[in-house]
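Enquirer: As input, take run_4.txt (compact mmCIF, C-alpha atoms and all ligand atoms):
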```
# COMPACT_ATOMS: atom_id res chain seq x y z
CA MET A 290 -40.65 -56.36 53.85
CA ILE A 291 -40.29 -53.89 56.69
CA LYS A 292 -42.64 -51.01 55.96
CA TRP A 293 -42.77 -49.25 59.32
CA LYS A 294 -39.41 -48.24 60.76
CA MET A 295 -39.39 -46.31 64.01
CA THR A 296 -36.67 -44.79 66.14
CA TRP A 297 -36.86 -43.54 69.71
CA ALA A 298 -34.66 -40.50 70.37
CA TRP A 299 -33.67 -39.64 73.92
CA THR A 300 -30.15 -38.20 73.74
CA LEU A 301 -30.17 -36.18 70.51
CA PRO A 302 -29.19 -32.56 71.13
CA CYS A 303 -32.36 -30.50 71.34
CA LEU A 304 -31.54 -26.97 72.42
CA THR A 305 -32.52 -25.10 69.28
CA GLU A 306 -34.92 -25.27 66.37
CA ALA A 307 -31.95 -26.11 64.14
CA ASP A 308 -31.28 -29.16 66.35
CA VAL A 309 -34.82 -30.40 65.75
CA GLU A 310 -34.52 -29.85 62.02
CA SER A 311 -31.23 -31.73 61.94
CA GLY A 312 -32.59 -34.59 64.09
CA VAL A 313 -35.57 -35.21 61.82
CA GLN A 314 -33.32 -35.06 58.76
CA LYS A 315 -30.92 -37.59 60.30
CA ALA A 316 -33.83 -39.94 61.08
CA VAL A 317 -34.76 -39.85 57.40
CA GLU A 318 -31.15 -40.43 56.34
CA LEU A 319 -30.98 -43.48 58.63
CA GLY A 320 -34.04 -44.85 56.82
CA PHE A 321 -36.66 -44.36 59.54
CA ASN A 322 -40.20 -43.31 58.65
CA ALA A 323 -41.53 -42.96 62.20
CA MET A 324 -39.99 -41.11 65.12
CA GLU A 325 -40.42 -40.56 68.84
CA TRP A 326 -38.31 -37.77 70.31
CA SER A 327 -39.10 -37.01 73.94
CA GLN A 328 -37.08 -33.79 74.19
CA ALA A 329 -38.39 -32.32 70.97
CA GLN A 330 -41.90 -33.16 72.17
CA SER A 331 -41.50 -31.11 75.32
CA LYS A 332 -39.52 -28.20 73.87
CA PHE A 333 -40.72 -27.81 70.28
CA PRO A 334 -43.80 -30.01 69.87
CA THR A 335 -45.43 -28.27 66.93
CA LEU A 336 -42.14 -27.68 65.15
CA PHE A 337 -41.29 -31.36 65.56
CA THR A 338 -44.62 -32.57 64.16
CA ALA A 339 -44.50 -30.05 61.30
CA LEU A 340 -40.98 -31.14 60.33
CA CYS A 341 -41.97 -34.81 60.47
CA LYS A 342 -44.94 -34.14 58.19
CA LYS A 343 -42.75 -32.22 55.77
CA ALA A 344 -40.22 -35.06 55.76
CA GLY A 345 -42.97 -37.67 55.24
CA ILE A 346 -42.42 -39.50 58.52
CA GLU A 347 -44.84 -40.24 61.36
CA SER A 348 -44.44 -38.50 64.72
CA TYR A 349 -45.18 -40.33 67.98
CA TYR A 350 -45.71 -38.78 71.39
CA CYS A 351 -44.19 -40.83 74.20
CA VAL A 352 -46.52 -41.54 77.11
CA ASN A 353 -45.26 -42.96 80.43
CA PRO A 354 -47.42 -43.93 83.42
CA SER A 355 -48.44 -40.92 85.49
CA SER A 356 -50.25 -41.38 88.80
CA LYS A 357 -50.17 -40.09 92.36
CA ALA A 358 -49.62 -43.70 93.45
CA ARG A 359 -46.35 -45.58 93.04
CA GLN A 360 -46.04 -49.30 92.47
CA LYS A 361 -45.57 -51.32 95.64
CA PHE A 362 -43.52 -54.48 95.89
CA LEU A 363 -43.37 -57.33 98.32
CA ASP A 364 -40.84 -56.22 100.92
CA PRO A 365 -38.10 -58.82 100.48
CA GLU A 366 -37.92 -58.13 96.75
CA TYR A 367 -37.57 -54.39 97.05
CA ALA A 368 -34.82 -54.88 99.59
CA LEU A 369 -32.85 -56.74 96.92
CA GLN A 370 -32.53 -53.44 95.10
CA GLU A 371 -31.29 -52.87 91.68
CA ASN A 372 -31.13 -55.24 88.77
CA PRO A 373 -27.83 -55.01 86.92
CA HIS A 374 -29.56 -55.43 83.57
CA CYS A 375 -31.44 -52.16 83.80
CA GLY A 376 -34.80 -53.64 82.99
CA GLY A 377 -33.75 -56.11 80.37
CA GLU A 378 -34.91 -59.65 80.75
CA PRO A 379 -34.10 -61.09 84.17
CA PRO A 380 -31.33 -63.64 83.58
CA SER A 381 -33.04 -66.28 85.70
CA ALA A 382 -35.99 -66.88 87.96
CA ASN A 383 -33.69 -65.98 90.85
CA ASP A 384 -33.56 -62.43 89.57
CA ILE A 385 -37.31 -61.89 89.67
CA GLY A 386 -38.05 -59.31 92.28
CA LYS A 387 -34.77 -57.46 91.85
CA VAL A 388 -36.32 -54.19 90.84
CA ILE A 389 -34.99 -52.19 87.94
CA SER A 390 -32.64 -49.38 88.74
CA ARG A 391 -34.62 -46.25 89.54
CA LYS A 392 -34.70 -43.63 92.26
CA GLN A 393 -38.26 -44.59 93.17
CA PRO A 394 -40.77 -47.17 91.95
CA GLY A 395 -42.66 -46.43 88.74
CA CYS A 396 -46.24 -45.19 88.87
CA CYS A 397 -49.05 -47.74 89.28
CA PHE A 398 -50.88 -47.66 85.95
CA VAL A 399 -53.84 -49.55 87.41
CA GLN A 400 -54.88 -46.39 89.27
CA PRO A 401 -57.81 -44.56 87.66
CA ASP A 402 -55.87 -41.27 87.62
CA CYS A 403 -53.24 -42.85 85.36
CA LEU A 404 -55.74 -43.43 82.58
CA GLU A 405 -57.19 -39.94 83.07
CA ASN A 406 -53.74 -38.34 82.91
CA THR A 407 -52.93 -40.39 79.81
CA LYS A 408 -56.13 -39.25 78.10
CA LYS A 409 -55.26 -35.59 78.71
CA THR A 410 -51.71 -36.10 77.48
CA MET A 411 -52.89 -37.83 74.31
CA ALA A 412 -55.48 -35.14 73.57
CA LYS A 413 -52.80 -32.46 73.84
CA ALA A 414 -50.42 -34.47 71.65
CA PHE A 415 -53.00 -34.75 68.88
CA GLN A 416 -53.67 -31.01 69.13
CA ASP A 417 -49.95 -30.50 68.62
CA GLY A 418 -50.11 -32.50 65.40
CA PHE A 419 -48.73 -35.88 66.47
CA ASP A 420 -49.76 -38.83 64.31
CA GLY A 421 -49.64 -41.28 67.14
CA ILE A 422 -48.81 -42.32 70.68
CA ALA A 423 -45.90 -44.45 71.86
CA PHE A 424 -46.52 -46.13 75.23
CA ASP A 425 -43.47 -46.96 77.32
CA PHE A 426 -42.83 -48.14 80.90
CA PHE A 427 -46.25 -49.76 81.32
CA GLY A 428 -44.90 -52.75 83.19
CA TYR A 429 -43.80 -53.74 86.66
CA ASP A 430 -40.43 -52.72 88.06
CA ASN A 431 -40.12 -56.12 89.77
CA PHE A 432 -41.01 -57.98 86.51
CA HIS A 433 -44.26 -59.49 87.79
CA GLY A 434 -46.77 -57.34 89.67
CA CYS A 435 -47.79 -54.37 91.79
CA TYR A 436 -48.92 -54.91 95.37
CA CYS A 437 -50.41 -51.51 96.19
CA PRO A 438 -53.74 -51.51 98.07
CA LEU A 439 -55.80 -51.10 94.89
CA CYS A 440 -53.97 -53.88 93.02
CA ASN A 441 -54.21 -56.14 96.08
CA GLU A 442 -57.95 -55.58 96.25
CA LEU A 443 -58.47 -56.24 92.54
CA ARG A 444 -56.14 -59.22 92.63
CA GLU A 445 -58.14 -60.84 95.44
CA LYS A 446 -61.35 -60.38 93.44
CA TYR A 447 -59.68 -61.98 90.40
CA ILE A 448 -58.45 -64.93 92.46
CA THR A 449 -61.89 -65.42 94.04
CA SER A 450 -63.58 -65.33 90.65
CA HIS A 451 -61.18 -67.95 89.24
CA PRO A 452 -61.65 -70.89 91.59
CA GLY A 453 -59.57 -73.85 90.57
CA MET A 454 -56.74 -71.68 89.24
CA GLU A 455 -53.58 -71.98 91.25
CA ARG A 456 -52.97 -68.83 93.29
CA GLN A 457 -49.66 -67.90 91.69
CA GLU A 458 -51.05 -68.50 88.22
CA ALA A 459 -54.01 -66.26 89.04
CA ASP A 460 -51.63 -63.63 90.45
CA HIS A 461 -49.62 -63.59 87.21
CA ARG A 462 -52.65 -63.58 84.95
CA PHE A 463 -54.15 -60.70 86.90
CA SER A 464 -50.94 -58.67 86.56
CA GLU A 465 -50.76 -59.33 82.81
CA ASP A 466 -54.44 -58.51 82.35
CA MET A 467 -53.92 -55.13 84.06
CA ILE A 468 -51.24 -54.18 81.51
CA VAL A 469 -53.53 -55.28 78.69
CA LYS A 470 -56.53 -53.44 80.13
CA PHE A 471 -54.65 -50.17 80.37
CA HIS A 472 -53.67 -50.32 76.69
CA VAL A 473 -57.16 -51.38 75.58
CA ASP A 474 -58.69 -48.39 77.36
CA ALA A 475 -56.01 -45.92 76.26
CA VAL A 476 -56.01 -47.01 72.61
CA ALA A 477 -59.82 -46.91 72.47
CA TYR A 478 -59.75 -43.35 73.78
CA ALA A 479 -57.03 -42.30 71.33
CA ARG A 480 -59.11 -43.62 68.43
CA SER A 481 -62.26 -42.00 69.80
CA ILE A 482 -60.72 -38.52 69.60
CA LYS A 483 -58.62 -39.09 66.47
CA ALA A 484 -59.99 -41.76 64.17
CA ASP A 485 -56.69 -42.34 62.39
CA ALA A 486 -54.53 -42.24 65.53
CA LYS A 487 -51.57 -44.59 65.32
CA THR A 488 -50.35 -46.41 68.40
CA THR A 489 -47.20 -48.23 69.29
CA CYS A 490 -45.45 -49.32 72.46
CA HIS A 491 -42.30 -50.71 73.90
CA ILE A 492 -42.88 -53.74 76.10
CA TYR A 493 -40.97 -52.65 79.21
CA PRO A 494 -40.10 -53.61 81.89
CA SER A 495 -40.13 -57.27 80.90
CA PHE A 496 -43.03 -59.28 82.31
CA TYR A 497 -41.39 -62.47 83.45
CA PRO A 498 -44.43 -64.78 83.68
CA ASN A 499 -45.11 -64.22 79.96
CA LEU A 500 -42.28 -62.38 78.20
CA LEU A 501 -43.86 -62.13 74.75
CA TYR A 502 -47.34 -60.97 75.74
CA GLY A 503 -47.19 -57.91 73.49
CA ASN A 504 -49.58 -59.31 70.89
CA ARG A 505 -52.37 -58.96 73.46
CA LEU A 506 -52.12 -55.16 73.23
CA PRO A 507 -54.37 -53.55 70.60
CA VAL A 508 -51.64 -51.24 69.28
CA ASP A 509 -50.85 -50.89 65.58
CA TYR A 510 -47.18 -51.71 66.08
CA CYS A 511 -46.01 -53.61 69.15
CA GLY A 512 -42.34 -53.06 69.97
CA GLN A 513 -41.19 -56.27 71.59
CA THR A 514 -37.53 -56.44 72.57
CA VAL A 515 -35.50 -59.00 70.61
CA ALA A 516 -32.02 -57.52 71.29
CA TRP A 517 -31.24 -55.65 74.50
CA PHE A 518 -28.79 -52.78 75.01
CA PHE A 519 -26.41 -54.21 77.53
CA LYS A 520 -23.91 -56.98 77.94
CA PRO A 521 -24.30 -59.88 77.89
CA HIS A 522 -25.70 -59.18 74.43
CA TRP A 523 -28.50 -61.52 73.49
CA PRO A 524 -27.37 -64.40 71.26
CA LEU A 525 -28.38 -64.29 67.60
CA GLU A 526 -30.35 -67.52 68.10
CA LYS A 527 -32.48 -65.81 70.72
CA ILE A 528 -32.99 -62.77 68.47
CA LYS A 529 -34.19 -65.11 65.72
CA LYS A 530 -36.43 -67.10 68.03
CA TYR A 531 -38.08 -64.00 69.47
CA SER A 532 -38.44 -62.24 66.10
CA ASP A 533 -40.09 -65.32 64.60
CA ILE A 534 -42.59 -65.59 67.46
CA VAL A 535 -43.34 -61.86 67.55
CA VAL A 536 -44.10 -61.85 63.82
CA ARG A 537 -45.81 -65.23 63.52
CA GLU A 538 -48.19 -64.50 66.41
CA GLU A 539 -48.64 -60.77 65.80
CA ALA A 540 -52.34 -61.02 64.88
CA LEU A 541 -53.37 -63.71 67.34
CA TYR A 542 -55.56 -61.28 69.29
CA HIS A 543 -55.77 -58.16 67.11
CA PRO A 544 -55.93 -58.71 63.34
CA ASN A 545 -54.37 -55.34 62.46
CA SER A 546 -51.49 -55.38 64.94
CA LYS A 547 -47.97 -55.75 63.57
CA GLY A 548 -45.27 -57.28 65.72
CA SER A 549 -42.31 -54.88 65.55
CA PRO A 550 -39.06 -56.32 66.90
CA PHE A 551 -37.12 -53.80 69.03
CA ILE A 552 -33.34 -53.50 68.91
CA GLY A 553 -31.69 -51.60 71.77
CA PHE A 554 -28.27 -50.07 71.01
CA TYR A 555 -26.09 -47.96 73.31
CA CYS A 556 -22.45 -47.09 72.63
CA LYS A 557 -21.45 -43.85 74.31
CA ASP A 558 -20.70 -42.24 77.67
CA LYS A 559 -21.17 -44.69 80.54
CA PHE A 560 -22.46 -47.28 78.08
CA LYS A 561 -19.46 -47.25 75.76
CA ASP A 562 -18.51 -50.80 76.75
CA ASP A 563 -21.94 -52.04 75.65
CA VAL A 564 -21.24 -51.18 72.00
CA ARG A 565 -21.94 -53.81 69.32
CA SER A 566 -20.18 -53.79 65.96
CA ALA A 567 -21.76 -52.47 62.78
CA GLU A 568 -21.70 -55.95 61.25
CA ARG A 569 -23.40 -57.40 64.31
CA ILE A 570 -26.16 -54.78 64.00
CA ARG A 571 -26.50 -55.70 60.32
CA GLU A 572 -26.97 -59.35 61.28
CA GLU A 573 -29.63 -58.43 63.82
CA ILE A 574 -31.59 -56.34 61.30
CA GLN A 575 -31.29 -59.09 58.70
CA ILE A 576 -32.66 -61.64 61.16
CA ILE A 577 -35.66 -59.38 61.74
CA LYS A 578 -36.12 -58.95 57.98
CA SER A 579 -36.03 -62.69 57.39
CA SER A 580 -38.70 -63.17 60.07
CA GLY A 581 -41.07 -61.34 57.74
CA ALA A 582 -41.56 -58.42 60.12
CA GLN A 583 -43.45 -55.46 58.72
CA GLY A 584 -42.33 -53.17 61.53
CA ILE A 585 -39.10 -52.52 63.44
CA GLN A 586 -38.05 -50.25 66.30
CA MET A 587 -34.44 -49.16 66.82
CA VAL A 588 -33.21 -47.32 69.88
CA GLU A 589 -31.53 -45.00 70.66
CA MET A 590 -30.92 -42.51 67.88
CA GLY A 591 -28.33 -40.34 69.69
CA HIS A 592 -26.23 -43.45 70.31
CA ILE A 593 -26.71 -44.68 66.75
CA LEU A 594 -25.46 -41.36 65.35
CA ALA A 595 -22.43 -41.48 67.66
CA ASP A 596 -21.24 -44.52 65.71
CA PRO A 597 -20.88 -43.69 61.99
CA GLY A 598 -20.30 -47.36 61.07
CA VAL A 599 -23.51 -48.46 62.74
CA SER A 600 -25.37 -45.48 61.24
CA LYS A 601 -24.23 -46.44 57.76
CA VAL A 602 -25.27 -50.08 58.18
CA ILE A 603 -28.70 -49.06 59.46
CA ALA A 604 -29.12 -46.68 56.52
CA GLN A 605 -28.16 -49.49 54.13
CA GLU A 606 -30.47 -52.03 55.71
CA LEU A 607 -33.45 -49.71 56.18
CA GLY A 608 -33.27 -48.00 52.79
CA GLY A 609 -31.93 -44.66 54.01
CA LYS A 610 -29.05 -42.61 52.67
CA PRO A 611 -25.85 -44.46 53.62
CA GLU A 612 -23.71 -41.91 51.78
CA ALA A 613 -24.66 -39.38 54.47
CA PHE A 614 -22.65 -41.46 56.97
CA SER A 615 -19.52 -42.09 54.93
CA LYS A 616 -16.48 -40.57 56.55
ZN ZN B 701 -50.85 -50.99 91.94
```
Translate this structure into structure tokens?
Ligand SMILES: [Zn+2]
Expert:
Amino acid sequence: MIKWKMTWAWTLPCLTEADVESGVQKAVELGFNAMEWSQAQSKFPTLFTALCKKAGIESYYCVNPSSKARQKFLDPEYALQENPHCGGEPPSANDIGKVISRKQPGCCFVQPDCLENTKKTMAKAFQDGFDGIAFDFFGYDNFHGCYCPLCNELREKYITSHPGMERQEADHRFSEDMIVKFHVDAVAYARSIKADAKTTCHIYPSFYPNLLYGNRLPVDYCGQTVAWFFKPHWPLEKIKKYSDIVVREEALYHPNSKGSPFIGFYCKDKFKDDVRSAERIREEIQIIKSSGAQGIQMVEMGHILADPGVSKVIAQELGGKPEAFSK
């Protein structure tokens, strides 16, 4: 049974206190009991956390990599420019190195200042009453590694200390280990300043050498994508395969971690053609339920609310208040 149900909210209106109140109420009506809401965090942090507490849902502060240094890519890959799938899984090995669509590369989270900035951000979030931290964007824009001077130096040390390992294999393992190390350090710090701190993440951008590495992160709930936002929509068979692996192997490295399949859903504005039907969303949630998952993440709440049919199905499947979404 799914006990932990989280939504990420990026496009909900958030200009007034009434907006925040309404957003939290809608999350409850959809059946969620955990919520990340980036805009409410920056504009009304203490109101947001107070309303979540009152409503009986957990509040999560979103943390993205922050560093003076940007990720660096091997030249030919960066020249390939943007990936049409906006950071979803690269369709084939030929697409590795096509960086995700952004104005500039993401920050290099291997840099020491990234961990220091994250610690400060988390400390402030807990002061503001947040129950937990939601890590996002701790991955490589080119799907496999950063080649900044610091990463190059550390990578060479890793390769030298693993004689006998093929160079590309060592390169990939090093890159994966750096993602893991960041989360290990950040989660340990969060728990050191707030013993009952909750942690979650969204595995993003995809890490092509090992797509389902999320169970290596010591977070309470690991959001691993099983259904991506954009066309071509992932086949139901793939959603089932990924959900089963994410749940079956959730505690392989950390006994208390729960694999939490992530469903991405967009349906409005420039993404209106990426809409999926309400019944399709029901099927996806039911697949996740039948995998035995104890956690789920659904994104994005502003898009979900823009589609009353999808809202109603989610409320039905997650134990919310479907009558709130009847026309
Ligand atoms: Zn780097």
Enquirer: Set the cut-off to 6 Å, count all atoms listed in the file, and list whatever residues fall near ligand ZN 701 (chain B) as a PyMOL selection string.
Expert: chain A and resi 360+397+399+435-437+439-440
Enquirer: Which residue out of A:Arg505, A:Lys315, A:Lys530, A:Lys294 has the minimum interatomic distance to Ile593 of chain A when only C-alpha atoms are used?
Expert: A:Lys315
Enquirer: When you count only C-alpha atoms, which of these residues is closest to Gln314 of chain A: A:Ile291, A:Lys357, A:Ala344, A:Phe337?
Expert: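 Among A:Ile291, A:Lys357, A:Ala344, A:Phe337, it is A:Ala344 that comes nearest to Gln314 of chain A.
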Enquirer: Rounded to one decimal in Å, what is the spacing between atom CA of Trp517 of chain A and atom CA of Phe362 of chain A?
Expert: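 Atom CA of Phe362 of chain A lies at a distance of 24.7 Å from atom CA of Trp517 of chain A.
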Enquirer: Counting only C-alpha atoms, what is within 9 Å of Ile468 of chain A, bar same-chain residues fewer than 5 positions away, as a list in words?
Expert: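 Residues near the query, excluding close chain neighbours: Phe398, Val399, Phe427, Gly428, Phe463, Val473 and Leu506 of chain A.
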Enquirer: Could you state the separation of atom CA of Pro550 of chain A and atom CA of Arg571 of chain A in Å, given to one decimal place?
Expert: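 So the answer is 14.2 Å.
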Enquirer: Using all atoms listed in the file, determine which residues lie at most 9 Å from Cys556 of chain A, disregarding the query and same-chain residues fewer than 2 positions distant; provide the list as a list in words.
Expert: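 Skipping anything fewer than 2 positions along the chain leaves Phe518, Phe554, Asp558, Lys559, Phe560, Lys561, Asp562, Asp563, Val564, Arg565, His592, Ile593, Ala595 and Asp596 of chain A.
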Enquirer: Show which residues sit within 8 Å of segment 400-405 of chain A, as a list in words. Count only C-alpha atoms, and ignore same-chain residues fewer than 5 positions away.
Expert: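 These residues fall inside the cut-off: Pro354, Ser355, Ser356, Lys357, Ala358, Leu439, Phe471, Asp474 and Ala475 of chain A.
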Enquirer: May I ask which of the residues A:Ile448, A:Ala540, A:Val535, A:Leu525 is the closest one to Ile576 of chain A, counting all atoms listed in the file?
Expert: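 Residue with the minimum atom-to-atom distance to Ile576 of chain A: A:Leu525.
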Enquirer: Using all atoms listed in the file, which residue out of A:Gln575, A:Asn545, A:Thr514, A:Asn431 lies closest to Glu606 of chain A?
Expert: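 Closest residue, counting all atoms listed in the file: A:Gln575.
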Enquirer: Step by step: start from the point (-53.1, -59.5, 88.1) in the file's coordinates, keep every protein, DNA or RNA residue that has an atom no farther than 8 Å from it, count all atoms listed in the file, and write the set as a compact mmCIF listing (two decimals) with C-alpha atoms, in the coordinates of the input.
Expert:
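And here's part_15.txt as it stands now:
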```txt
# COMPACT_ATOMS: atom_id res chain seq x y z
CA GLY A 434 -46.77 -57.34 89.67
CA CYS A 440 -53.97 -53.88 93.02
CA LEU A 443 -58.47 -56.24 92.54
CA ARG A 444 -56.14 -59.22 92.63
CA TYR A 447 -59.68 -61.98 90.40
CA ALA A 459 -54.01 -66.26 89.04
CA ASP A 460 -51.63 -63.63 90.45
CA HIS A 461 -49.62 -63.59 87.21
CA ARG A 462 -52.65 -63.58 84.95
CA PHE A 463 -54.15 -60.70 86.90
CA SER A 464 -50.94 -58.67 86.56
CA GLU A 465 -50.76 -59.33 82.81
CA ASP A 466 -54.44 -58.51 82.35
CA MET A 467 -53.92 -55.13 84.06
```
Enquirer: Suppose you want the space between atom CA of Arg569 of chain A and atom CA of Gly584 of chain A; what is it in Å?
Expert: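 Going from atom CA of Arg569 of chain A over to atom CA of Gly584 of chain A covers 19.6 Å.
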Enquirer: Closest to Leu319 of chain A among A:His522, A:Ser532, A:Met295, A:Thr410, using all atoms listed in the file?
Expert: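 Among the listed residues, A:Met295 lies closest to Leu319 of chain A.
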Enquirer: Measuring between only C-alpha atoms, which one of A:Leu541, A:Ser348, A:Gly591, A:Ser481 shows the shortest distance to Pro302 of chain A?
Expert: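 Using only C-alpha atoms, Pro302 of chain A sits closest to A:Gly591.
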Enquirer: Got a sec: who's within 12 Å of Asp308 of chain A, counting only C-alpha atoms, leaving out chain neighbours fewer than 5 positions off, as a JSON list (two decimals) with C-alpha atoms, in the frame of the given file?
Expert:
```
[["chain", "number", "residue", "atom", "x", "y", "z"],
["A", 300, "THR", "CA", -30.15, -38.20, 73.74],
["A", 301, "LEU", "CA", -30.17, -36.18, 70.51],
["A", 302, "PRO", "CA", -29.19, -32.56, 71.13],
["A", 303, "CYS", "CA", -32.36, -30.50, 71.34],
["A", 313, "VAL", "CA", -35.57, -35.21, 61.82],
["A", 314, "GLN", "CA", -33.32, -35.06, 58.76],
["A", 315, "LYS", "CA", -30.92, -37.59, 60.30],
["A", 326, "TRP", "CA", -38.31, -37.77, 70.31],
["A", 328, "GLN", "CA", -37.08, -33.79, 74.19],
["A", 329, "ALA", "CA", -38.39, -32.32, 70.97],
["A", 332, "LYS", "CA", -39.52, -28.20, 73.87],
["A", 333, "PHE", "CA", -40.72, -27.81, 70.28],
["A", 336, "LEU", "CA", -42.14, -27.68, 65.15],
["A", 337, "PHE", "CA", -41.29, -31.36, 65.56],
["A", 340, "LEU", "CA", -40.98, -31.14, 60.33]]
```
Enquirer: Find the residues around Cys351 of chain A up to 7 Å (all atoms listed in the file counted), leave out those fewer than 6 positions away in its own chain, and share them as a PyMOL selection string.
Expert: chain A and resi 325+327+422-425
Enquirer: Can you tell me, as a ChimeraX atom specification, which residues sit within 12 Å of (-54.9, -35.4, 68.4) in the file's frame, using all atoms listed in the file?
Expert: /A:335,338,348-350,408-422,478-488
